Every structure is written in structure tokens, then in C-alpha cells.
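A.B. asks: Data file run35.cif (mmCIF, C-alpha atoms, pLDDT in the B column; chains and numbers go by the auth columns) is appended below.
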data_structure
loop_
_atom_site.group_PDB
_atom_site.id
_atom_site.type_symbol
_atom_site.label_atom_id
_atom_site.label_comp_id
_atom_site.label_asym_id
_atom_site.label_seq_id
_atom_site.Cartn_x
_atom_site.Cartn_y
_atom_site.Cartn_z
_atom_site.B_iso_or_equiv
_atom_site.auth_seq_id
_atom_site.auth_asym_id
ATOM 1 C CA MET A 1 0.000 0.000 0.000 72.00 265 A
ATOM 2 C CA SER A 2 2.868 2.426 0.684 81.00 266 A
ATOM 3 C CA TRP A 3 4.107 2.123 -2.928 83.00 267 A
ATOM 4 C CA LEU A 4 0.657 3.165 -4.153 83.00 268 A
ATOM 5 C CA LEU A 5 0.708 6.224 -1.907 79.00 269 A
ATOM 6 C CA GLU A 6 4.202 7.124 -3.159 81.00 270 A
ATOM 7 C CA LEU A 7 3.039 6.687 -6.759 80.00 271 A
ATOM 8 C CA LEU A 8 0.025 8.956 -6.203 80.00 272 A
ATOM 9 C CA ILE A 9 2.134 11.612 -4.471 77.00 273 A
ATOM 10 C CA GLY A 10 4.695 11.471 -7.300 76.00 274 A
ATOM 11 C CA ALA A 11 1.979 11.757 -9.943 78.00 275 A
ATOM 12 C CA ALA A 12 0.366 14.699 -8.132 76.00 276 A
ATOM 13 C CA LEU A 13 3.745 16.429 -7.838 74.00 277 A
ATOM 14 C CA ALA A 14 4.507 15.865 -11.536 73.00 278 A
ATOM 15 C CA VAL A 15 1.129 17.251 -12.604 73.00 279 A
ATOM 16 C CA THR A 16 1.522 20.280 -10.307 69.00 280 A
ATOM 17 C CA LEU A 17 5.000 21.014 -11.702 68.00 281 A
ATOM 18 C CA ARG A 18 3.734 20.665 -15.286 66.00 282 A
ATOM 19 C CA LEU A 19 0.705 22.908 -14.763 66.00 283 A
ATOM 20 C CA PHE A 20 2.192 25.639 -12.595 67.00 284 A
ATOM 21 C CA VAL A 21 5.991 25.626 -12.753 73.00 285 A
ATOM 22 C CA VAL A 22 7.725 24.304 -15.875 85.00 286 A
ATOM 23 C CA SER A 23 6.999 22.551 -19.172 87.00 287 A
ATOM 24 C CA LEU A 24 8.502 21.945 -22.600 89.00 288 A
ATOM 25 C CA ALA A 25 7.488 23.598 -25.863 90.00 289 A
ATOM 26 C CA PHE A 26 7.948 21.690 -29.101 92.00 290 A
ATOM 27 C CA ILE A 27 8.171 24.400 -31.761 94.00 291 A
ATOM 28 C CA ARG A 28 6.244 23.754 -34.957 92.00 292 A
ATOM 29 C CA GLY A 29 6.353 26.141 -37.868 92.00 293 A
ATOM 30 C CA SER A 30 8.302 29.230 -38.802 94.00 294 A
ATOM 31 C CA SER A 31 6.418 32.084 -37.092 94.00 295 A
ATOM 32 C CA MET A 32 9.290 32.855 -34.691 95.00 296 A
ATOM 33 C CA LEU A 33 12.209 32.763 -37.148 92.00 297 A
ATOM 34 C CA SER A 34 15.033 33.516 -36.496 87.00 298 A
ATOM 35 C CA THR A 35 14.631 33.322 -32.697 93.00 299 A
ATOM 36 C CA LEU A 36 13.072 29.847 -32.718 95.00 300 A
ATOM 37 C CA ARG A 37 12.943 27.337 -35.558 95.00 301 A
ATOM 38 C CA ASN A 38 10.754 24.421 -36.544 95.00 302 A
ATOM 39 C CA LYS A 39 11.514 21.341 -34.374 95.00 303 A
ATOM 40 C CA ASP A 40 13.274 23.340 -31.630 96.00 304 A
ATOM 41 C CA ILE A 41 12.551 22.302 -28.048 95.00 305 A
ATOM 42 C CA ALA A 42 12.344 25.055 -25.449 95.00 306 A
ATOM 43 C CA LEU A 43 11.875 25.244 -21.685 93.00 307 A
ATOM 44 C CA VAL A 44 8.790 27.168 -20.560 94.00 308 A
ATOM 45 C CA TRP A 45 8.683 28.744 -17.105 92.00 309 A
ATOM 46 C CA ARG A 46 5.048 29.075 -16.006 87.00 310 A
ATOM 47 C CA LEU A 47 5.480 30.341 -12.461 81.00 311 A
ATOM 48 C CA PRO A 48 6.375 33.996 -13.194 79.00 312 A
ATOM 49 C CA TYR A 49 2.997 34.750 -14.766 84.00 313 A
ATOM 50 C CA LEU A 50 1.198 33.457 -11.703 79.00 314 A
ATOM 51 C CA LEU A 51 2.985 36.214 -9.771 83.00 315 A
ATOM 52 C CA ARG A 52 3.436 39.071 -12.267 90.00 316 A
ATOM 53 C CA ALA A 53 2.230 40.350 -15.615 93.00 317 A
ATOM 54 C CA PRO A 54 4.113 39.615 -18.867 96.00 318 A
ATOM 55 C CA LYS A 55 6.719 42.176 -19.943 96.00 319 A
ATOM 56 C CA ARG A 56 7.281 43.658 -23.373 97.00 320 A
ATOM 57 C CA GLY A 57 9.730 41.500 -25.301 96.00 321 A
ATOM 58 C CA ASP A 58 8.944 38.253 -23.431 97.00 322 A
ATOM 59 C CA VAL A 59 8.694 35.200 -25.694 97.00 323 A
ATOM 60 C CA VAL A 60 5.580 33.427 -24.443 97.00 324 A
ATOM 61 C CA ILE A 61 3.367 30.418 -24.866 95.00 325 A
ATOM 62 C CA CYS A 62 -0.228 31.524 -25.364 95.00 326 A
ATOM 63 C CA HIS A 63 -3.652 30.208 -26.340 90.00 327 A
ATOM 64 C CA TYR A 64 -5.905 31.887 -28.898 90.00 328 A
ATOM 65 C CA PRO A 65 -9.616 32.008 -28.078 82.00 329 A
ATOM 66 C CA GLY A 66 -11.485 29.072 -29.601 75.00 330 A
ATOM 67 C CA ARG A 67 -8.404 27.398 -31.120 66.00 331 A
ATOM 68 C CA LYS A 68 -8.149 23.718 -30.179 68.00 332 A
ATOM 69 C CA MET A 69 -5.701 20.989 -31.113 65.00 333 A
ATOM 70 C CA LYS A 70 -6.766 19.002 -34.179 69.00 334 A
ATOM 71 C CA ARG A 71 -6.158 15.541 -32.721 70.00 335 A
ATOM 72 C CA LEU A 72 -7.226 16.411 -29.161 64.00 336 A
ATOM 73 C CA PRO A 73 -10.062 18.920 -29.616 68.00 337 A
ATOM 74 C CA PHE A 74 -10.614 19.231 -25.861 64.00 338 A
ATOM 75 C CA LEU A 75 -7.169 20.850 -25.402 70.00 339 A
ATOM 76 C CA PRO A 76 -6.315 24.426 -26.409 76.00 340 A
ATOM 77 C CA GLN A 77 -3.695 24.829 -29.121 83.00 341 A
ATOM 78 C CA ALA A 78 -0.515 26.522 -27.897 88.00 342 A
ATOM 79 C CA PHE A 79 1.321 29.217 -29.863 94.00 343 A
ATOM 80 C CA VAL A 80 4.719 30.802 -29.255 97.00 344 A
ATOM 81 C CA LYS A 81 4.884 34.571 -29.783 97.00 345 A
ATOM 82 C CA ARG A 82 6.567 37.709 -28.454 98.00 346 A
ATOM 83 C CA VAL A 83 4.728 40.227 -26.248 98.00 347 A
ATOM 84 C CA ILE A 84 4.796 43.598 -28.005 98.00 348 A
ATOM 85 C CA GLY A 85 1.889 45.596 -26.595 98.00 349 A
ATOM 86 C CA LEU A 86 0.930 45.944 -22.928 98.00 350 A
ATOM 87 C CA PRO A 87 -2.355 47.182 -21.443 98.00 351 A
ATOM 88 C CA GLY A 88 -2.939 50.826 -22.363 98.00 352 A
ATOM 89 C CA ASP A 89 -0.427 50.838 -25.252 98.00 353 A
ATOM 90 C CA THR A 90 -1.367 52.166 -28.690 98.00 354 A
ATOM 91 C CA LEU A 91 0.042 50.269 -31.683 97.00 355 A
ATOM 92 C CA GLU A 92 -0.036 51.152 -35.361 95.00 356 A
ATOM 93 C CA TRP A 93 1.900 50.427 -38.547 91.00 357 A
ATOM 94 C CA GLN A 94 3.014 53.045 -41.032 89.00 358 A
ATOM 95 C CA GLU A 95 4.435 51.480 -44.192 84.00 359 A
ATOM 96 C CA GLY A 96 5.644 48.454 -42.227 81.00 360 A
ATOM 97 C CA VAL A 97 7.134 50.395 -39.306 88.00 361 A
ATOM 98 C CA LEU A 98 5.599 49.385 -35.977 93.00 362 A
ATOM 99 C CA LEU A 99 4.832 52.416 -33.838 95.00 363 A
ATOM 100 C CA LEU A 100 4.309 51.889 -30.129 97.00 364 A
ATOM 101 C CA ASN A 101 2.709 54.888 -28.443 97.00 365 A
ATOM 102 C CA SER A 102 3.598 56.966 -31.549 95.00 366 A
ATOM 103 C CA GLU A 103 7.312 55.999 -31.452 96.00 367 A
ATOM 104 C CA PRO A 104 9.064 53.419 -33.666 95.00 368 A
ATOM 105 C CA LEU A 105 9.692 50.260 -31.632 94.00 369 A
ATOM 106 C CA ASP A 106 13.317 49.065 -31.534 93.00 370 A
ATOM 107 C CA GLU A 107 13.238 45.319 -32.254 92.00 371 A
ATOM 108 C CA PRO A 108 16.825 44.022 -32.466 92.00 372 A
ATOM 109 C CA TYR A 109 15.619 40.393 -32.449 90.00 373 A
ATOM 110 C CA LEU A 110 14.003 40.733 -35.905 90.00 374 A
ATOM 111 C CA ASP A 111 15.695 39.371 -39.016 87.00 375 A
ATOM 112 C CA PRO A 112 15.018 41.660 -42.025 84.00 376 A
ATOM 113 C CA ALA A 113 14.735 38.566 -44.236 83.00 377 A
ATOM 114 C CA HIS A 114 11.516 37.655 -42.391 81.00 378 A
ATOM 115 C CA CYS A 115 10.057 41.134 -41.958 81.00 379 A
ATOM 116 C CA ARG A 116 8.877 42.527 -45.243 77.00 380 A
ATOM 117 C CA TYR A 117 5.433 43.303 -43.773 72.00 381 A
ATOM 118 C CA ALA A 118 4.942 46.741 -45.312 74.00 382 A
ATOM 119 C CA ARG A 119 1.314 47.520 -44.559 81.00 383 A
ATOM 120 C CA THR A 120 -0.222 50.493 -42.869 86.00 384 A
ATOM 121 C CA ARG A 121 -2.722 49.812 -40.081 88.00 385 A
ATOM 122 C CA PRO A 122 -4.680 52.321 -38.019 92.00 386 A
ATOM 123 C CA PRO A 123 -3.900 52.889 -34.325 95.00 387 A
ATOM 124 C CA ARG A 124 -5.290 50.416 -31.806 95.00 388 A
ATOM 125 C CA THR A 125 -5.269 51.074 -28.077 97.00 389 A
ATOM 126 C CA LEU A 126 -5.207 48.022 -25.824 98.00 390 A
ATOM 127 C CA GLY A 127 -7.622 47.608 -22.936 97.00 391 A
ATOM 128 C CA GLU A 128 -6.617 47.159 -19.307 95.00 392 A
ATOM 129 C CA ASP A 129 -6.253 43.349 -19.599 95.00 393 A
ATOM 130 C CA GLU A 130 -5.073 43.100 -23.217 97.00 394 A
ATOM 131 C CA TYR A 131 -1.698 42.102 -24.674 98.00 395 A
ATOM 132 C CA PHE A 132 -0.592 42.270 -28.298 98.00 396 A
ATOM 133 C CA VAL A 133 1.618 39.362 -29.396 98.00 397 A
ATOM 134 C CA LEU A 134 3.525 38.991 -32.663 96.00 398 A
ATOM 135 C CA GLY A 135 5.716 36.355 -34.244 95.00 399 A
ATOM 136 C CA ASP A 136 9.284 37.401 -35.021 95.00 400 A
ATOM 137 C CA ASN A 137 8.682 36.221 -38.596 94.00 401 A
ATOM 138 C CA ARG A 138 6.260 39.036 -39.424 90.00 402 A
ATOM 139 C CA ASP A 139 5.767 37.676 -42.957 89.00 403 A
ATOM 140 C CA ARG A 140 4.407 34.310 -41.780 90.00 404 A
ATOM 141 C CA SER A 141 2.834 34.597 -38.369 92.00 405 A
ATOM 142 C CA ASN A 142 -0.715 34.086 -37.189 92.00 406 A
ATOM 143 C CA ASP A 143 -0.726 36.542 -34.281 94.00 407 A
ATOM 144 C CA SER A 144 -2.620 39.468 -32.751 95.00 408 A
ATOM 145 C CA ARG A 145 -2.802 41.174 -36.136 93.00 409 A
ATOM 146 C CA SER A 146 -5.333 38.496 -37.145 91.00 410 A
ATOM 147 C CA VAL A 147 -6.711 37.061 -33.875 93.00 411 A
ATOM 148 C CA GLY A 148 -6.747 40.306 -31.901 94.00 412 A
ATOM 149 C CA PRO A 149 -5.229 41.104 -28.519 97.00 413 A
ATOM 150 C CA LEU A 150 -5.050 38.398 -25.853 96.00 414 A
ATOM 151 C CA HIS A 151 -6.218 38.573 -22.269 96.00 415 A
ATOM 152 C CA ARG A 152 -3.595 37.903 -19.627 94.00 416 A
ATOM 153 C CA ARG A 153 -5.100 34.501 -18.775 92.00 417 A
ATOM 154 C CA ALA A 154 -4.331 33.368 -22.364 94.00 418 A
ATOM 155 C CA ILE A 155 -0.590 33.847 -21.777 95.00 419 A
ATOM 156 C CA ARG A 156 0.515 30.629 -20.116 92.00 420 A
ATOM 157 C CA GLY A 157 4.277 30.867 -19.641 94.00 421 A
ATOM 158 C CA ARG A 158 7.572 32.439 -20.679 95.00 422 A
ATOM 159 C CA VAL A 159 10.038 30.649 -22.946 96.00 423 A
ATOM 160 C CA VAL A 160 13.318 30.914 -21.041 94.00 424 A
ATOM 161 C CA CYS A 161 15.791 28.777 -22.945 94.00 425 A
ATOM 162 C CA LEU A 162 16.304 26.633 -25.972 95.00 426 A
ATOM 163 C CA LEU A 163 17.180 23.030 -25.083 94.00 427 A
ATOM 164 C CA PHE A 164 17.453 21.444 -28.518 93.00 428 A
ATOM 165 C CA PRO A 165 19.271 21.469 -30.867 94.00 429 A
ATOM 166 C CA LEU A 166 22.249 21.454 -28.543 89.00 430 A
ATOM 167 C CA LYS A 167 24.438 23.603 -30.814 92.00 431 A
ATOM 168 C CA ARG A 168 21.973 26.500 -30.354 92.00 432 A
ATOM 169 C CA ALA A 169 20.977 25.754 -26.749 88.00 433 A
ATOM 170 C CA GLY A 170 20.811 28.733 -24.438 86.00 434 A
ATOM 171 C CA ARG A 171 18.710 31.643 -23.260 88.00 435 A
ATOM 172 C CA VAL A 172 15.913 32.905 -25.515 89.00 436 A
ATOM 173 C CA ARG A 173 15.816 36.692 -25.923 84.00 437 A
#
Take the structure in the file and write it out as C-alpha cells.
C.D. replies:
Amino acid sequence: MSWLLELLIGAALAVTLRLFVVSLAFIRGSSMLSTLRNKDIALVWRLPYLLRAPKRGDVVICHYPGRKMKRLPFLPQAFVKRVIGLPGDTLEWQEGVLLLNSEPLDEPYLDPAHCRYARTRPPRTLGEDEYFVLGDNRDRSNDSRSVGPLHRRAIRGRVVCLLFPLKRAGRVR
């Protein structure tokens, strides 16, 4: 009977760690090029967002409203994006230049080869619980430009480091 109790305690601890502390992200697609690539494996730290709000520039795991996994339709589909807009911010594009609160946003993590998005979009001011997320590959990213801003509860964790492939392993910025 003691082995069963130990097994149950271990399972409960594993589930608690997975839900509230740490998990892995298996990157699929090219929306975060060149920061993250297809088939990368990253470590996701969930705990910080239980204690504080996301910061601008954080690479996050998020869920879009109504988007479910194809094979497991009872689970929300996870996306990896970068937090660009915080509650109260105003974002707009002028000929492909992202303006944050009327100032061009410095984005050193972007690769010009993946950022030919040259549209103009009118200003949008975020509400008190809204975040604007974008993929680093602005040419091929399904993000807040199409799904709209996300509520804080949709942002599930921060990607802290790349684990695989080993030759690129390290902190994600």
C-alpha cells in the first residue's frame, strides 16, 4: 500500500509542476524565425505569470480564443509569440514600421529577411487586460494582427531557454 501512496504523491507532484511551474514547448512552424525554428525544443517557465504580468519582449506560450488541437479537440492549441503591446499601449503600422505609443519600436531580435510586412494599419489602443503578441517572422505569423489582442489569462508561460538542438541551446531573448 505504501508504494501506491508514493506513486500517487509522485503523480500529483509531476502534474503540479507541469501545470504551474515548468513545461517543454515543441516548436512547430516558422512564425518565430530567427529566434526559434521548426523542431526546436524550449523550456517554458510558467510560475512567473502566476505572480506578475508579462513584460514587453517576453517570448511566451499563449492560447488563442477558440483554437483547439486538431487531434485532441478538448485541449487548447498553444502558440509561441513575443509580447509587443501591454495594457494601455497604442500600436499602429506606417508602411511596415511598428509604432508603439507613436514611437518606432526598436526590435533588435528581428531578421530583415523575415520582416517585409509593409502595410499600414490604423492605431489600436489596448484595454486594461489586453496584450498584443507577434511572431518574429512578421511575414508568416498568425498573431494578434489576425486574432486580436489576448487577455492575460491566455498567456501561459515564458520561454526561457532553448534546449534542442544542442548547438543553439541557451537563453531565448
A.B. asks: Any idea what the distance is between CA of Leu398 in chain A and CA of Ser295 in chain A?
C.D. replies: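 Here the two named atoms are 8.7 Å from each other.
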A.B. asks: Please provide the set of residues having any atom within 10 Å of Glu371 in chain A, restricted to all atoms listed in the file, with same-chain residues fewer than 2 positions apart removed, written as JSON, numbers by chain.
C.D. replies: {"A": [321, 348, 362, 368, 369, 373, 374, 375, 400]}
A.B. asks: Which residue is closest to Val424 in chain A? Choose from A:Val324, A:Leu364, A:Met296, A:Leu350 and count all atoms listed in the file.
C.D. replies: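 Of all the options, A:Val324 lies closest to Val424 in chain A.
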A.B. asks: Would you work out the distance separating CA of Tyr395 in chain A from CA of Pro318 in chain A, expressed in Å to one decimal?
C.D. replies: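 CA of Pro318 in chain A lies 8.6 Å from CA of Tyr395 in chain A.
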A.B. asks: So how many Å separate CA of Ser410 in chain A and CA of Arg316 in chain A, to one decimal?
C.D. replies: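 These two atoms are separated by 26.4 Å.
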A.B. asks: Using all atoms of range 383-392 of chain A that appear in the file, construct an axis-aligned enclosing box with 5 Å of padding on every side and provide its centre coordinates and edge lengths in Å, rounded to one decimal, as AutoDock Vina command-line options.
C.D. replies:
--center_x -3.2 --center_y 50.0 --center_z -31.9 --size_x 18.9 --size_y 15.7 --size_z 35.3
A.B. asks: Give as a compact mmCIF listing (two decimals) with C-alpha atoms, in the frame of the given file the residues that the PyMOL selection byres ((chain A and resi 307-312) around 6) matches when applied to the coordinates above.
C.D. replies:
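Result written to out12.txt:
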# COMPACT_ATOMS: atom_id res chain seq x y z
CA PHE A 284 2.19 25.64 -12.60
CA VAL A 285 5.99 25.63 -12.75
CA VAL A 286 7.72 24.30 -15.88
CA SER A 287 7.00 22.55 -19.17
CA LEU A 288 8.50 21.94 -22.60
CA ALA A 306 12.34 25.06 -25.45
CA TYR A 313 3.00 34.75 -14.77
CA LEU A 314 1.20 33.46 -11.70
CA LEU A 315 2.98 36.21 -9.77
CA ARG A 316 3.44 39.07 -12.27
CA GLY A 421 4.28 30.87 -19.64
CA ARG A 422 7.57 32.44 -20.68
CA VAL A 423 10.04 30.65 -22.95
CA VAL A 424 13.32 30.91 -21.04
CA CYS A 425 15.79 28.78 -22.94
A.B. asks: Considering only C-alpha atoms, give me a table of residues in range 294-363 of chain A that are at most 6 Å from range 385-390 of chain A, with the closest atom pair and distance in Å for each, as CSV.
C.D. replies:
residue,atom,partner,partner_atom,distance
A:Pro351,CA,A:Leu390,CA,5.3
A:Gly352,CA,A:Leu390,CA,5.0
A:Asp353,CA,A:Leu390,CA,5.6
A:Thr354,CA,A:Thr389,CA,4.1
A:Leu355,CA,A:Arg388,CA,5.3
A:Glu356,CA,A:Pro387,CA,4.4
A:Trp357,CA,A:Arg385,CA,4.9
A.B. asks: Between A:Leu363, A:Ala278, A:Leu271, A:Leu414, single out the one closest to Lys345 in chain A, counting only C-alpha atoms.
C.D. replies: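 Selected residue with least distance to Lys345 in chain A: A:Leu414.
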A.B. asks: Counting all atoms listed in the file, which of A:Gly293, A:Phe428, A:Asp322, A:Pro376 gets nearest to Asn406 in chain A?
C.D. replies: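 When distances to Asn406 in chain A are compared using all atoms listed in the file, the smallest one comes from A:Gly293.
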A.B. asks: Taking 4 positions as the minimum chain separation for residues in the same chain, which residues sit within 10 Å of Ser294 in chain A when counting only C-alpha atoms? Answer as a ChimeraX atom specification.
C.D. replies: /A:298-303,378,399-401,403-405
A.B. asks: Using all atoms listed in the file, which of the listed residues (A:Ala377, A:Leu272, A:Ala342, A:Ala289) sits closest to Ile419 in chain A?
C.D. replies: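 Distance minimum relative to Ile419 in chain A lands on A:Ala342.
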A.B. asks: Which is closest to Arg380 in chain A among A:Glu367, A:Glu270, A:Asp304, A:Glu359, if we use only C-alpha atoms?
C.D. replies: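 Ranking A:Glu367, A:Glu270, A:Asp304, A:Glu359 by distance to Arg380 in chain A, first place goes to A:Glu359.
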A.B. asks: A:Arg409, A:Arg435, A:Arg292, A:Arg420: which is nearest Gly349 in chain A, counting all atoms listed in the file?
C.D. replies: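 For Gly349 in chain A, the nearest of the given residues is A:Arg409.
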A.B. asks: My structure is short of atoms at range 298-309 of chain A; please model all heavy atoms there, returning them as a short mmCIF file (atom, residue, chain, number, x, y, z; two decimals), in the coordinates of the input.
C.D. replies:
data_model
loop_
_atom_site.label_atom_id
_atom_site.label_comp_id
_atom_site.auth_asym_id
_atom_site.auth_seq_id
_atom_site.Cartn_x
_atom_site.Cartn_y
_atom_site.Cartn_z
N SER A 298 13.91 34.41 -36.64
CA SER A 298 15.03 33.52 -36.50
C SER A 298 15.30 33.15 -35.02
O SER A 298 16.22 32.42 -34.74
CB SER A 298 16.28 34.17 -37.05
OG SER A 298 16.21 34.26 -38.45
N THR A 299 14.45 33.62 -34.12
CA THR A 299 14.63 33.32 -32.70
C THR A 299 14.45 31.85 -32.41
O THR A 299 15.29 31.23 -31.75
CB THR A 299 13.64 34.15 -31.84
OG1 THR A 299 13.81 35.53 -32.16
CG2 THR A 299 13.86 33.92 -30.37
N LEU A 300 13.36 31.27 -32.89
CA LEU A 300 13.07 29.85 -32.72
C LEU A 300 12.75 29.26 -34.08
O LEU A 300 12.14 29.93 -34.92
CB LEU A 300 11.88 29.64 -31.77
CG LEU A 300 12.08 30.12 -30.34
CD1 LEU A 300 10.77 30.08 -29.58
CD2 LEU A 300 13.14 29.28 -29.63
N ARG A 301 13.13 28.00 -34.27
CA ARG A 301 12.94 27.34 -35.56
C ARG A 301 12.08 26.10 -35.41
O ARG A 301 11.94 25.56 -34.31
CB ARG A 301 14.30 26.95 -36.14
CG ARG A 301 15.19 28.14 -36.36
CD ARG A 301 16.56 27.73 -36.83
NE ARG A 301 17.44 28.89 -36.88
CZ ARG A 301 18.73 28.82 -36.95
NH1 ARG A 301 19.34 27.65 -36.99
NH2 ARG A 301 19.47 29.92 -36.98
N ASN A 302 11.54 25.65 -36.52
CA ASN A 302 10.75 24.42 -36.54
C ASN A 302 11.56 23.27 -35.93
O ASN A 302 12.74 23.12 -36.23
CB ASN A 302 10.36 24.09 -37.99
CG ASN A 302 9.35 22.97 -38.06
OD1 ASN A 302 8.42 22.91 -37.27
ND2 ASN A 302 9.53 22.10 -39.02
N LYS A 303 10.95 22.51 -35.06
CA LYS A 303 11.51 21.34 -34.37
C LYS A 303 12.43 21.70 -33.20
O LYS A 303 13.04 20.81 -32.62
CB LYS A 303 12.21 20.39 -35.35
CG LYS A 303 11.27 19.83 -36.39
CD LYS A 303 11.95 18.82 -37.28
CE LYS A 303 10.97 18.32 -38.31
NZ LYS A 303 11.59 17.39 -39.25
N ASP A 304 12.55 22.97 -32.85
CA ASP A 304 13.27 23.34 -31.63
C ASP A 304 12.49 22.86 -30.42
O ASP A 304 11.26 22.72 -30.48
CB ASP A 304 13.43 24.85 -31.51
CG ASP A 304 14.50 25.44 -32.41
OD1 ASP A 304 15.23 24.66 -33.06
OD2 ASP A 304 14.61 26.68 -32.45
N ILE A 305 13.19 22.64 -29.33
CA ILE A 305 12.55 22.30 -28.05
C ILE A 305 13.01 23.34 -27.04
O ILE A 305 14.21 23.57 -26.86
CB ILE A 305 12.92 20.89 -27.57
CG1 ILE A 305 12.46 19.85 -28.60
CG2 ILE A 305 12.29 20.60 -26.20
CD1 ILE A 305 12.90 18.43 -28.31
N ALA A 306 12.04 23.97 -26.38
CA ALA A 306 12.34 25.06 -25.45
C ALA A 306 11.75 24.76 -24.07
O ALA A 306 10.76 24.04 -23.94
CB ALA A 306 11.79 26.37 -25.99
N LEU A 307 12.36 25.35 -23.06
CA LEU A 307 11.88 25.24 -21.68
C LEU A 307 10.96 26.43 -21.40
O LEU A 307 11.32 27.58 -21.67
CB LEU A 307 13.05 25.25 -20.71
CG LEU A 307 12.71 25.09 -19.24
CD1 LEU A 307 12.20 23.67 -18.97
CD2 LEU A 307 13.94 25.37 -18.39
N VAL A 308 9.78 26.14 -20.87
CA VAL A 308 8.79 27.17 -20.56
C VAL A 308 8.64 27.27 -19.05
O VAL A 308 8.38 26.28 -18.37
CB VAL A 308 7.42 26.83 -21.20
CG1 VAL A 308 6.38 27.88 -20.83
CG2 VAL A 308 7.56 26.70 -22.70
N TRP A 309 8.80 28.46 -18.54
CA TRP A 309 8.68 28.74 -17.10
C TRP A 309 7.30 29.35 -16.90
O TRP A 309 7.01 30.44 -17.37
CB TRP A 309 9.80 29.70 -16.72
CG TRP A 309 9.99 30.00 -15.29
CD1 TRP A 309 9.94 31.23 -14.72
CD2 TRP A 309 10.31 29.11 -14.24
NE1 TRP A 309 10.19 31.15 -13.38
CE2 TRP A 309 10.42 29.85 -13.06
CE3 TRP A 309 10.48 27.72 -14.17
CZ2 TRP A 309 10.70 29.27 -11.82
CZ3 TRP A 309 10.77 27.15 -12.95
CH2 TRP A 309 10.88 27.92 -11.80
#
